[in-house]
file query.cif (mmCIF, C-alpha atoms)
data_coords
loop_
_atom_site.label_atom_id
_atom_site.label_comp_id
_atom_site.auth_asym_id
_atom_site.auth_seq_id
_atom_site.Cartn_x
_atom_site.Cartn_y
_atom_site.Cartn_z
CA MET G 1 0.00 0.00 0.00
CA LYS G 2 2.87 2.36 0.85
CA TYR G 3 4.47 1.88 -2.58
CA ILE G 4 1.13 2.44 -4.31
CA LEU G 5 0.74 5.80 -2.51
CA ILE G 6 4.27 6.85 -3.52
CA ILE G 7 3.59 5.97 -7.15
CA LEU G 8 0.30 7.90 -7.07
CA PHE G 9 2.09 10.89 -5.52
CA TRP G 10 4.73 11.05 -8.27
CA LEU G 11 2.13 10.53 -11.00
CA THR G 12 0.24 13.52 -9.57
CA VAL G 13 3.43 15.65 -9.53
CA ILE G 14 4.25 14.75 -13.14
CA SER G 15 0.68 15.46 -14.21
CA LEU G 16 0.70 18.90 -12.57
CA ALA G 17 4.07 19.75 -14.11
CA ALA G 18 2.64 19.13 -17.58
CA GLN G 19 -0.17 21.68 -17.17
CA PRO G 20 -0.20 25.01 -19.11
CA VAL G 21 1.74 27.73 -17.29
CA PHE G 22 0.31 31.26 -17.36
CA GLU G 23 2.72 33.91 -18.74
CA HIS G 24 0.95 37.13 -19.62
CA THR G 25 -2.33 38.78 -20.62
CA TYR G 26 -2.55 41.26 -23.49
CA ASN G 27 -5.32 43.82 -23.49
CA GLU G 28 -5.77 43.35 -27.23
CA SER G 29 -6.00 40.43 -29.62
CA ALA G 30 -2.42 39.14 -30.04
CA SER G 31 -0.59 36.72 -32.30
CA ILE G 32 3.00 35.62 -33.01
CA THR G 33 5.15 36.09 -36.10
CA GLN G 34 8.77 35.41 -37.09
CA LEU G 35 10.87 38.40 -38.19
CA GLU G 36 14.35 38.08 -39.68
CA SER G 37 15.88 40.85 -37.58
CA LEU G 38 14.00 40.34 -34.30
CA GLY G 39 13.13 36.64 -34.33
CA GLU G 40 9.78 35.59 -32.87
CA VAL G 41 7.62 38.45 -31.63
CA TYR G 42 4.10 38.97 -30.39
CA TYR G 43 2.03 41.57 -32.19
CA SER G 44 -1.31 43.08 -31.25
CA MET G 45 -3.78 45.66 -32.53
CA ASP G 46 -4.62 48.53 -30.20
CA VAL G 47 -8.07 49.48 -31.51
CA MET G 48 -8.63 52.44 -29.19
CA ASN G 49 -5.32 54.16 -29.96
CA LYS G 50 -5.12 52.93 -33.57
CA GLN G 51 -1.67 51.37 -33.49
CA LEU G 52 0.27 48.13 -33.92
CA LEU G 53 2.23 46.95 -30.88
CA LEU G 54 5.22 44.61 -31.11
CA TYR G 55 6.51 42.69 -28.08
CA ASN G 56 9.44 40.34 -27.55
CA MET G 57 8.89 36.80 -26.26
CA GLU G 58 9.34 38.10 -22.69
CA HIS G 59 6.31 40.36 -23.35
CA SER G 60 8.25 43.65 -23.24
CA LEU G 61 7.16 46.32 -25.70
CA LEU G 62 9.55 46.62 -28.67
CA LYS G 63 7.83 48.96 -31.08
CA THR G 64 4.66 51.01 -31.56
CA VAL G 65 3.46 51.76 -35.10
CA PRO G 66 0.61 54.28 -35.65
CA LEU G 67 -2.14 53.12 -38.01
CA PRO G 68 -3.67 56.09 -39.88
CA THR G 69 -7.41 55.49 -39.99
CA PRO G 70 -10.05 57.73 -41.65
CA GLU G 71 -12.65 59.45 -39.49
CA GLY G 72 -15.55 57.16 -38.68
CA TYR G 73 -13.61 53.95 -39.37
CA TYR G 74 -12.47 51.41 -36.78
CA LEU G 75 -9.56 49.00 -36.91
CA ALA G 76 -10.70 45.53 -37.86
CA ASP G 77 -7.62 43.36 -38.46
CA ILE G 78 -3.83 43.16 -38.88
CA GLN G 79 -2.25 40.49 -41.10
CA TYR G 80 1.16 39.43 -42.36
CA VAL G 81 3.52 41.30 -40.05
CA SER G 82 6.77 40.61 -41.91
CA GLU G 83 10.01 42.03 -43.29
CA THR G 84 10.48 40.45 -46.71
CA LEU G 85 6.98 39.51 -47.83
CA PHE G 86 6.04 42.75 -49.59
CA ASN G 87 9.47 44.10 -50.58
CA ASN G 88 13.18 43.51 -50.03
CA ASP G 89 14.11 46.31 -47.62
CA ASN G 90 14.90 45.82 -43.93
CA LEU G 91 11.71 47.41 -42.57
CA ILE G 92 8.66 45.78 -41.02
CA GLU G 93 5.58 45.75 -43.25
CA PHE G 94 2.05 44.50 -42.69
CA VAL G 95 -1.56 44.69 -43.83
CA TYR G 96 -4.14 46.45 -41.70
CA THR G 97 -7.87 46.73 -42.29
CA TYR G 98 -10.44 49.21 -41.00
CA SER G 99 -14.22 49.20 -41.37
CA LYS G 100 -17.16 51.62 -41.15
CA TYR G 101 -20.75 51.01 -40.14
CA VAL G 102 -23.17 52.42 -42.70
CA SER G 103 -26.86 52.77 -41.78
CA ILE G 104 -29.51 52.70 -44.54
CA ASP G 105 -33.24 52.92 -43.81
CA LEU G 106 -34.00 49.98 -41.52
CA SER G 107 -30.81 48.10 -42.34
CA TYR G 108 -27.04 48.57 -42.39
CA TYR G 109 -23.84 47.30 -43.95
CA TYR G 110 -20.07 47.61 -43.46
CA THR G 111 -17.56 49.13 -45.82
CA TYR G 112 -13.86 48.25 -45.67
CA GLU G 113 -10.45 49.43 -46.71
CA SER G 114 -7.01 47.88 -46.24
CA LYS G 115 -3.46 49.16 -46.58
CA VAL G 116 -0.01 47.63 -46.83
CA ILE G 117 2.20 49.92 -44.76
CA ASN G 118 5.70 49.84 -43.29
CA GLU G 119 6.88 50.74 -39.80
CA ASN G 120 7.79 54.29 -40.92
CA GLY G 121 4.24 54.96 -42.07
CA LEU G 122 4.93 54.66 -45.80
CA VAL G 123 1.86 53.25 -47.56
CA LEU G 124 2.96 50.62 -50.09
CA LEU G 125 -0.54 49.77 -51.29
CA THR G 126 -4.09 51.06 -50.67
CA LEU G 127 -6.87 48.52 -51.17
CA GLU G 128 -10.29 50.20 -51.34
CA GLY G 129 -13.17 47.97 -50.32
CA VAL G 130 -10.85 45.15 -49.23
CA GLY G 131 -11.78 43.49 -45.96
CA TYR G 132 -9.56 40.40 -46.06
CA THR G 133 -6.31 39.35 -47.70
CA GLU G 134 -4.55 36.05 -48.29
CA VAL G 135 -1.05 35.00 -49.35
CA ILE G 136 -0.76 31.76 -51.32
CA GLN G 137 2.42 30.05 -52.51
CA THR G 138 2.10 28.91 -56.14
CA THR G 139 4.46 27.41 -58.72
CA GLN G 140 4.79 30.96 -60.10
CA GLY G 141 5.74 32.49 -56.74
CA LYS G 142 3.70 34.01 -53.93
CA LYS G 143 0.36 35.58 -54.83
CA PHE G 144 -1.38 38.21 -52.71
CA LEU G 145 -5.18 38.00 -52.94
CA ALA G 146 -7.22 40.99 -51.79
CA TYR G 147 -10.97 40.42 -51.37
CA ASP G 148 -13.06 43.49 -52.16
CA TYR G 149 -16.56 43.33 -50.62
CA ASP G 150 -19.44 45.54 -51.77
CA TYR G 151 -22.30 45.17 -49.27
CA SER G 152 -24.16 48.23 -50.58
CA VAL G 153 -25.95 46.05 -53.16
CA ILE G 154 -28.12 42.95 -52.83
CA PRO G 155 -26.88 40.33 -53.39
CA TYR G 156 -23.52 41.63 -52.26
CA ARG G 157 -20.57 41.49 -54.65
CA THR G 158 -17.07 40.16 -54.04
CA TYR G 159 -14.07 41.03 -56.23
CA THR G 160 -10.66 39.40 -55.90
CA HIS G 161 -7.62 41.50 -56.78
CA VAL G 162 -4.48 39.45 -57.46
CA TYR G 163 -0.94 40.76 -56.89
CA SER G 164 2.42 39.07 -57.38
CA LEU G 165 4.78 39.39 -54.44
CA PRO G 166 8.54 39.95 -54.86
CA ASP G 167 11.05 37.12 -54.88
CA GLN G 168 12.25 36.83 -51.28
CA THR G 169 15.47 35.12 -52.30
CA VAL G 170 16.86 38.50 -53.38
CA LYS G 171 17.04 39.70 -49.81
CA SER G 172 18.27 36.41 -48.35
CA VAL G 173 21.18 36.36 -50.81
CA SER G 174 22.05 39.93 -49.95
CA ARG G 175 22.11 39.12 -46.28
CA SER G 176 24.25 36.05 -46.71
CA VAL G 177 27.03 37.98 -48.42
CA SER G 178 26.84 41.07 -46.21
CA GLY G 179 30.03 41.19 -44.20
CA PHE G 180 31.17 44.70 -43.44
CA GLU G 181 30.00 47.93 -41.89
CA THR G 182 29.96 51.39 -43.37
CA GLY G 183 29.49 54.66 -41.50
CA ASP G 184 26.35 56.61 -40.62
CA ALA G 185 25.31 59.34 -43.03
CA TYR G 186 25.29 62.95 -41.83
CA PRO G 187 23.44 65.21 -41.54
CA ASN G 188 20.47 62.91 -41.39
CA PRO G 189 17.79 64.08 -42.12
CA ALA G 190 19.36 66.27 -44.82
CA SER G 191 18.00 69.18 -46.82
CA ARG G 192 21.04 70.39 -48.84
CA GLN G 193 23.48 67.51 -49.03
CA VAL G 194 24.19 64.28 -47.22
CA ASN G 195 27.66 62.85 -46.54
CA ILE G 196 27.78 59.06 -46.67
CA PRO G 197 30.96 57.47 -45.24
CA VAL G 198 32.16 54.55 -47.33
CA THR G 199 34.28 51.58 -46.29
CA LEU G 200 35.62 48.71 -48.34
CA PRO G 201 36.48 45.24 -47.01
CA GLY G 202 40.07 44.01 -47.00
CA GLY G 203 41.50 43.00 -50.34
CA VAL G 204 38.98 45.05 -52.35
CA SER G 205 40.11 48.30 -53.97
CA SER G 206 36.85 49.59 -55.45
CA GLY G 207 33.10 49.28 -55.15
CA THR G 208 29.79 51.06 -55.62
CA LEU G 209 27.59 53.06 -53.29
CA GLU G 210 23.96 52.20 -54.03
CA ILE G 211 20.98 54.28 -52.95
CA THR G 212 17.52 52.71 -53.29
CA ASP G 213 13.99 53.61 -52.34
CA LEU G 214 12.10 51.61 -49.70
CA ASN G 215 10.86 49.19 -52.36
CA GLY G 216 14.42 48.26 -53.32
CA MET G 217 14.41 50.23 -56.59
CA LYS G 218 17.87 51.63 -57.34
CA ILE G 219 17.85 55.45 -57.50
CA LEU G 220 21.54 56.49 -57.53
CA THR G 221 24.93 54.78 -57.74
CA TYR G 222 28.40 56.23 -57.09
CA PRO G 223 31.76 54.53 -57.75
CA VAL G 224 34.00 54.42 -54.67
CA THR G 225 37.67 53.53 -54.15
CA ARG G 226 39.74 52.82 -51.08
CA SER G 227 40.92 56.43 -51.07
CA ASP G 228 37.35 57.75 -50.69
CA ALA G 229 36.37 58.61 -47.14
CA ASN G 230 32.80 59.56 -48.01
CA VAL G 231 30.48 60.39 -50.87
CA VAL G 232 28.66 63.73 -50.94
CA VAL G 233 25.15 63.39 -52.35
CA PRO G 234 23.27 66.63 -53.19
CA ALA G 235 19.77 66.48 -51.72
CA SER G 236 18.46 67.94 -54.98
CA GLN G 237 19.12 64.57 -56.65
CA LEU G 238 16.56 62.88 -54.43
CA ALA G 239 12.90 63.67 -53.86
CA PRO G 240 11.94 64.24 -50.20
CA GLY G 241 11.52 60.90 -48.48
CA THR G 242 13.34 57.95 -46.92
CA TYR G 243 16.04 55.99 -48.74
CA LEU G 244 18.38 53.07 -48.07
CA TYR G 245 22.08 52.89 -48.89
CA GLN G 246 24.79 50.25 -48.89
CA VAL G 247 28.18 49.63 -50.48
CA ARG G 248 28.67 46.79 -52.95
CA ALA G 249 32.28 45.61 -53.14
CA GLY G 250 33.21 42.48 -55.07
CA HIS G 251 30.97 39.70 -53.77
CA SER G 252 30.19 41.51 -50.52
CA LEU G 253 27.53 43.98 -49.44
CA SER G 254 27.69 46.30 -46.48
CA THR G 255 24.86 46.49 -43.97
CA VAL G 256 21.91 48.56 -45.11
CA LYS G 257 21.43 51.99 -43.56
CA LYS G 258 18.83 54.71 -43.91
CA ILE G 259 18.81 58.38 -44.92
CA VAL G 260 15.99 60.90 -44.89
CA ILE G 261 15.78 63.78 -47.38
CA ARG G 262 13.65 66.79 -46.49
#
call {"tool": "encode", "arguments": {"input": "query.cif", "output": "structure tokens"}}
result
Amino acid sequence: MKYILIILFWLTVISLAAQPVFEHTYNESASITQLESLGEVYYSMDVMNKQLLLYNMEHSLLKTVPLPTPEGYYLADIQYVSETLFNNDNLIEFVYTYSKYVSIDLSYYYTYESKVINENGLVLLTLEGVGYTEVIQTTQGKKFLAYDYDYSVIPYRTYTHVYSLPDQTVKSVSRSVSGFETGDAYPNPASRQVNIPVTLPGGVSSGTLEITDLNGMKILTYPVTRSDANVVVPASQLAPGTYLYQVRAGHSLSTVKKIVIR
């Protein structure tokens, strides 16, 4: 009998140890995503304050991103918090959706709009009428489906807008060959000119400074040599906005850094 009680005791201990362990409560609907630069993170939608909140796996706040929402609309959903899904820069992008209640006679309906936006507030895509999106991997690459709902008519109409998403291998290759640092541009933000320090890795005598927009489109290139300390870029050559720069030298790429032109 004594041995039976001991066995029952240890079985109870093991059973209790296998129970779910409470960690944290979020005041909003939360989910988890994998980011290349930050690893696994929680993200949630703050409906009242109209913002995206990012937390690390210890539940500490990492980043707050405002979500511009038209008057009378309310946040409805956030999807696809990612870094390389919608373009090949090093910024966080995502889809967010907002809706509006429309009253008609004795009935009502909802109207929707969605946007693809990055963490700096740049709108990559506006999707009027779209209340839900979906990403599907096909033999021809990833497809982004945006479902446009029109509830103002009976029966209601649904339209599906299809977009091709960029090849994510472009960024992964760039990261795998990145192996050296270059300096921080100054002044930054800039209104007249911006000085971009350039560095070349050992054994390489020349390279190219590349300036791209946030979608990865190349805007300007400058040849650089080991004797160049920095490249002076007149602000007049760039429209006001945010740009990325890096140095390409042989088979290596420097880390990507950001400049702002006013």
call {"tool": "residues_around", "arguments": {"input": "query.cif", "residues": "Tyr74 in chain G", "least_positions_apart": "6", "cutoff": "8 Å", "atoms": "only C-alpha atoms", "output": "PyMOL selection string"}}
result
chain G and resi 47+98-100
call {"tool": "atom_distance", "arguments": {"input": "query.cif", "atom1": "CA of Ile92 in chain G", "atom2": "CA of His59 in chain G"}}
result
18.6 Å
call {"tool": "resolve_selection", "arguments": {"input": "query.cif", "expression": "the PyMOL selection byres ((chain G and resi 214-222) around 7)", "output": "list in words"}}
result
Asn87, Asn88, Asp89, Thr208, Leu209, Glu210, Ile211, Thr212, Asp213, Pro223, Val224, Tyr243 and Leu244 of chain G
call {"tool": "resolve_selection", "arguments": {"input": "query.cif", "expression": "the PyMOL selection byres ((chain G and resi 245-252) around 9)", "output": "number ranges by chain"}}
result
G: 174, 176-182, 196, 198-201, 204-213, 224, 243-244, 253-259
call {"tool": "resolve_selection", "arguments": {"input": "query.cif", "expression": "the PyMOL selection byres ((chain G and resi 140) around 12)", "output": "MDAnalysis selection string"}}
result
chainID G and resid 136:139 141:143 163:167
call {"tool": "write_last_selection", "arguments": {"input": "query.cif", "atoms": "C-alpha atoms", "output": "compact mmCIF listing (two decimals), keeping the file's coordinate frame"}}
result
# COMPACT_ATOMS: atom_id res chain seq x y z
CA ILE G 136 -0.76 31.76 -51.32
CA GLN G 137 2.42 30.05 -52.51
CA THR G 138 2.10 28.91 -56.14
CA THR G 139 4.46 27.41 -58.72
CA GLY G 141 5.74 32.49 -56.74
CA LYS G 142 3.70 34.01 -53.93
CA LYS G 143 0.36 35.58 -54.83
CA TYR G 163 -0.94 40.76 -56.89
CA SER G 164 2.42 39.07 -57.38
CA LEU G 165 4.78 39.39 -54.44
CA PRO G 166 8.54 39.95 -54.86
CA ASP G 167 11.05 37.12 -54.88
call {"tool": "closest_residue", "arguments": {"input": "query.cif", "among": "G:Glu83, G:Glu93, G:Glu134, G:Glu119", "to": "Leu38 in chain G", "atoms": "all atoms listed in the file"}}
result
G:Glu83
call {"tool": "atom_distance", "arguments": {"input": "query.cif", "atom1": "CA of Thr69 in chain G", "atom2": "CA of Leu127 in chain G"}}
result
13.2 Å
call {"tool": "atom_distance", "arguments": {"input": "query.cif", "atom1": "CA of Asp150 in chain G", "atom2": "CA of Thr111 in chain G"}}
result
7.2 Å
call {"tool": "closest_residue", "arguments": {"input": "query.cif", "among": "G:Ala229, G:Ala30, G:Val162, G:Leu67", "to": "Tyr55 in chain G", "atoms": "all atoms listed in the file"}}
result
G:Ala30
call {"tool": "closest_residue", "arguments": {"input": "query.cif", "among": "G:Asp184, G:Ser114, G:Gly202, G:Tyr147", "to": "Val231 in chain G", "atoms": "all atoms listed in the file"}}
result
G:Asp184
call {"tool": "residues_near_point", "arguments": {"input": "query.cif", "point": "(17.8, 69.4, -57.3)", "cutoff": "12 Å", "atoms": "only C-alpha atoms", "output": "PyMOL selection string"}}
result
chain G and resi 191-193+233-240+261-262
call {"tool": "closest_residue", "arguments": {"input": "query.cif", "among": "G:Ser31, G:Asn56, G:Thr133, G:Thr64", "to": "Ser44 in chain G", "atoms": "only C-alpha atoms"}}
result
G:Ser31
call {"tool": "closest_residue", "arguments": {"input": "query.cif", "among": "G:Tyr96, G:Phe22, G:Tyr112, G:Tyr132", "to": "Thr160 in chain G", "atoms": "only C-alpha atoms"}}
result
G:Tyr132
call {"tool": "closest_residue", "arguments": {"input": "query.cif", "among": "G:Gly203, G:Gly121, G:Gly131, G:Pro20", "to": "Pro68 in chain G", "atoms": "only C-alpha atoms"}}
result
G:Gly121
call {"tool": "residues_around", "arguments": {"input": "query.cif", "residues": "Arg157 in chain G", "least_positions_apart": "6", "cutoff": "12 Å", "atoms": "only C-alpha atoms", "output": "list in words"}}
result
Gly129, Val130, Tyr147, Asp148, Tyr149, Asp150 and Tyr151 of chain G
call {"tool": "residues_around", "arguments": {"input": "query.cif", "residues": "Glu58 in chain G", "least_positions_apart": "5", "cutoff": "10 Å", "atoms": "all atoms listed in the file", "output": "list of chain:residue names"}}
result
G:Glu23, G:His24, G:Val41, G:Tyr42
